[in-house]
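Trainee: Quick one: the structure is below, questions incoming.
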Amino acid sequence: MQMQVIKNAKVINEQGQLEDKHIVIADGLIQSVASDIAALPEPGDHVQIIDAEGKLVTPGFIDMHVHLREPGYEHKETIESGSRSAVKGGFTTIACMPNTRPVTDSPETVRLVLDKASEANLVKVLPYAAITKNELGRELTDFEALKAAGAIGFTDDGVGVQNAQMMKDAMNKAKALGMPVIAHCEDDSLVKGACVTEGKFAQQHGLKGIPNESEAIHVGRDILLTEATGVHYHVCHVSTEQSVRLIRQAKAIGISVTAEVCPHHLVLSEEDIPSLDANWKMNPPLRTPRDVEACIEGLLDGTLDMIVTDHAPHSAEEKAKGMELAPFGIVGFETAFPLLYTKFVATGKWDLALLVKRMTSDPARVFGLATGVLEAGKAADLTMIDLEAEKEVNPEEFATKGRNTPFTGWKLKGWPVMTWVDGEVKWSEQNGF
């Protein structure tokens, strides 16, 4: 039996404090998290010693909202390249959206995604399936067959389900199967032809704006439908004060709603957009400082359960079309933790334990995953992070095919340096993949 010992690691204890620990891994599982180095096995043919040298070791990050683009858009990303980017960013479990071509609306496409992920053998990939066929909002998919093929939930991410009866029917079917509905909340009648938020930047550049209510109308509608059906309803990439308020109120009266937020909606507002560079174009768009503060407050008080990246790679040629014509989206795997650590933890605004929790045990709790914790008997999905190393964001060094990020040149701390999945080192800063 091959055994690994990660010695001299810093881990976050139940009180949220850092402790010196030694972690023993075997058979893909954490065998022990010990304080006593005398109790550890001796180095030998079957024991590999990895000295963390005081670096932080956390459960592997979990990202429940990503775009891997395959099948159909392999020029943007493949399941393998996206998986490489994920493990380099410290992620060990990722859930991929179905707005591929073909749309992931059939058991065959679900199985293709799983097979490609297995071939890549880097990160745990959990596929979502579409709510409606081809994400057109006209006919529900075969929920039972999609669940049997391995889908973990249903979403038309990329577009909102416009018809309330269609959404209610979907919720009833998902509830009967014990599955969640994951919603991209956007009222199409309010956003056609718009590319940035409705605000100062749009006015200055003569652009049509995306109003806050385009998101919040669907959030409110779906909360009422959730109350009626009892389904587990999860709100994608929350970006507005109104949405946070509605979700907080729904949770207060016991409605089964959970929600996520992206790093860029916590760090940037429309006031930070420097030009018509489409690397600043994402959906939902960057909102006002008031919305940013509401999202931060929502994350801190638990209204927003988790952090996701909405990793959305595009080619340079597509993004070069400019703010109005380029596709929405930015890449996120490789900057997520350093960005939030630098902005909020290193400045003393957040506790390190809270940031790690929102990226590990909270998404695992919400989606019923058997990962996200660092304790004996659990899968050895781990991330080692150098909290002191500072470097600039350089898209040319990304493992993803996408270079579309607004964070080029930012100096950040808190970079992942090694990632384990089921006890196997999938990437390290020293040795690569």
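Chain labels follow the order of the structure tokens: the first chain is A, the next B, and so on; residue numbering restarts at 1 in every chain, and ligands are counted from 1 in their shown order.
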Can you pull out the residues contacting Leu268 in chain A? Cut-off 12 Å, using only C-alpha atoms, and skip same-chain residues under 4 positions away; I want them as a list of chain:residue names.

Mentor: A:Ser239, A:Cys262, A:Pro263, A:His264, A:Asp272, A:Ile273, A:Pro274, A:Trp280, A:Lys281, A:Met282, A:Pro285, A:Leu286, A:Arg287, A:Thr288, A:Pro289, A:Arg290, A:Asp291, A:Val292, A:Glu293, A:Cys295, A:Ile296, A:Leu339, A:Leu340, A:Lys343, A:Pro406, A:Phe407

Trainee: Within 7 Å of Trp415 in chain A, counting only C-alpha atoms, which residues show up once you throw out same-chain ones fewer than 3 positions away? Write them as a list in words, please.

Mentor: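 Within the cut-off, the hits are Pro338, Ile385, Asp386, Leu387 and Ala389 of chain A.
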
Trainee: Write out as an mmCIF file with C-alpha atoms, in the first residue's frame all residues of range 227-309 of chain A that DSSP puts in alpha helix (DSSP H) for this structure's backbone.

Mentor:
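As written to disk, part-v4.cif reads:
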```
data_model
loop_
_atom_site.group_PDB
_atom_site.id
_atom_site.type_symbol
_atom_site.label_atom_id
_atom_site.label_comp_id
_atom_site.auth_asym_id
_atom_site.auth_seq_id
_atom_site.Cartn_x
_atom_site.Cartn_y
_atom_site.Cartn_z
ATOM 1 C CA GLU A 227 -42.484 27.309 -2.009
ATOM 2 C CA ALA A 228 -45.280 25.648 -4.007
ATOM 3 C CA THR A 229 -43.268 22.598 -5.126
ATOM 4 C CA GLU A 241 -28.982 43.710 -4.020
ATOM 5 C CA GLN A 242 -32.589 42.829 -4.853
ATOM 6 C CA SER A 243 -31.752 39.156 -5.425
ATOM 7 C CA VAL A 244 -29.843 38.940 -2.139
ATOM 8 C CA ARG A 245 -32.770 40.498 -0.307
ATOM 9 C CA LEU A 246 -35.292 38.090 -1.833
ATOM 10 C CA ILE A 247 -33.139 35.038 -1.066
ATOM 11 C CA ARG A 248 -32.577 36.192 2.520
ATOM 12 C CA GLN A 249 -36.315 36.625 3.040
ATOM 13 C CA ALA A 250 -37.064 33.227 1.505
ATOM 14 C CA LYS A 251 -34.548 31.477 3.730
ATOM 15 C CA ALA A 252 -35.966 33.220 6.790
ATOM 16 C CA PRO A 263 -15.411 36.330 -7.228
ATOM 17 C CA HIS A 264 -15.797 39.055 -9.859
ATOM 18 C CA HIS A 265 -19.133 40.157 -8.394
ATOM 19 C CA LEU A 266 -17.445 40.518 -5.002
ATOM 20 C CA VAL A 267 -14.320 42.329 -6.189
ATOM 21 C CA PRO A 289 -20.889 49.291 -5.718
ATOM 22 C CA ARG A 290 -24.142 48.971 -3.750
ATOM 23 C CA ASP A 291 -24.781 45.585 -5.340
ATOM 24 C CA VAL A 292 -21.210 44.476 -4.626
ATOM 25 C CA GLU A 293 -21.626 45.353 -0.947
ATOM 26 C CA ALA A 294 -24.943 43.485 -0.822
ATOM 27 C CA CYS A 295 -23.316 40.381 -2.304
ATOM 28 C CA ILE A 296 -20.435 40.580 0.172
ATOM 29 C CA GLU A 297 -22.865 40.948 3.074
ATOM 30 C CA GLY A 298 -24.930 38.056 1.712
ATOM 31 C CA LEU A 299 -21.891 35.810 1.513
ATOM 32 C CA LEU A 300 -20.786 36.709 5.031
ATOM 33 C CA ASP A 301 -24.188 36.081 6.638
#
```

Trainee: Kindly indicate which residue among A:Arg138, A:Lys192, A:Arg111, A:Lys7 lies nearest to Val57 in chain A, using only C-alpha atoms for the distances.

Mentor: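 Ranked by minimum distance to Val57 in chain A, first place goes to A:Lys7.
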
Trainee: Would you mind telling me which residue in A:Leu146, A:Lys208, A:His232, A:Ala86 lies nearest to Asn172 in chain A when using only C-alpha atoms?

Mentor: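 Distance minimum relative to Asn172 in chain A lands on A:His232.
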
Trainee: I'd like the neighbourhood of Thr258 in chain A as a PyMOL selection string, where a residue qualifies if any of its atoms comes within 9 Å (using only C-alpha atoms), though same-chain residues fewer than 5 positions away should be ignored.

Mentor: chain A and resi 232-235+247+251+303-306+366

Trainee: By how many Å are CA of Val103 in chain A and CA of His314 in chain A apart?

Mentor: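 Calculated distance between CA of Val103 in chain A and CA of His314 in chain A is 17.3 Å.
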
Trainee: Please provide as a compact mmCIF listing (two decimals) with N, CA and C atoms, in the first residue's frame all residues within 12 Å of Gln204 in chain A, with the sequence filter that same-chain residues fewer than 3 positions apart are discarded (counting only C-alpha atoms).

Mentor:
```
# COMPACT_ATOMS: atom_id res chain seq x y z
N VAL A 196 -23.90 45.47 -20.74
CA VAL A 196 -23.35 45.85 -19.43
C VAL A 196 -24.52 46.23 -18.53
N THR A 197 -24.24 46.45 -17.26
CA THR A 197 -25.34 46.79 -16.36
C THR A 197 -25.92 48.17 -16.70
N GLU A 198 -27.14 48.35 -16.33
CA GLU A 198 -27.81 49.64 -16.51
C GLU A 198 -27.26 50.61 -15.46
N GLY A 199 -26.42 51.53 -15.91
CA GLY A 199 -25.77 52.43 -14.95
C GLY A 199 -24.87 53.43 -15.65
N LYS A 200 -23.90 53.93 -14.91
CA LYS A 200 -23.06 55.02 -15.40
C LYS A 200 -22.26 54.63 -16.63
N PHE A 201 -21.66 53.43 -16.61
CA PHE A 201 -20.81 53.03 -17.73
C PHE A 201 -21.64 52.94 -19.02
N LEU A 207 -24.51 52.62 -24.37
CA LEU A 207 -24.85 51.20 -24.46
C LEU A 207 -26.18 50.91 -23.77
N LYS A 208 -26.91 49.94 -24.29
CA LYS A 208 -28.13 49.51 -23.59
C LYS A 208 -27.72 48.72 -22.35
N GLY A 209 -28.40 48.98 -21.24
CA GLY A 209 -28.03 48.35 -19.98
C GLY A 209 -28.93 47.19 -19.58
N GLU A 270 -19.19 48.09 -11.82
CA GLU A 270 -19.16 48.75 -13.13
C GLU A 270 -18.20 49.93 -13.15
N GLU A 271 -17.93 50.49 -11.98
CA GLU A 271 -17.04 51.65 -11.91
C GLU A 271 -15.59 51.29 -12.18
N ILE A 273 -14.68 49.22 -14.70
CA ILE A 273 -14.49 48.89 -16.11
C ILE A 273 -13.71 50.03 -16.78
N PRO A 274 -12.51 49.74 -17.32
CA PRO A 274 -11.66 50.83 -17.80
C PRO A 274 -11.95 51.28 -19.22
N SER A 275 -12.60 50.41 -20.01
CA SER A 275 -12.77 50.72 -21.44
C SER A 275 -13.82 49.77 -22.00
N LEU A 276 -13.93 49.73 -23.32
CA LEU A 276 -14.87 48.82 -23.98
C LEU A 276 -14.24 47.46 -24.24
```
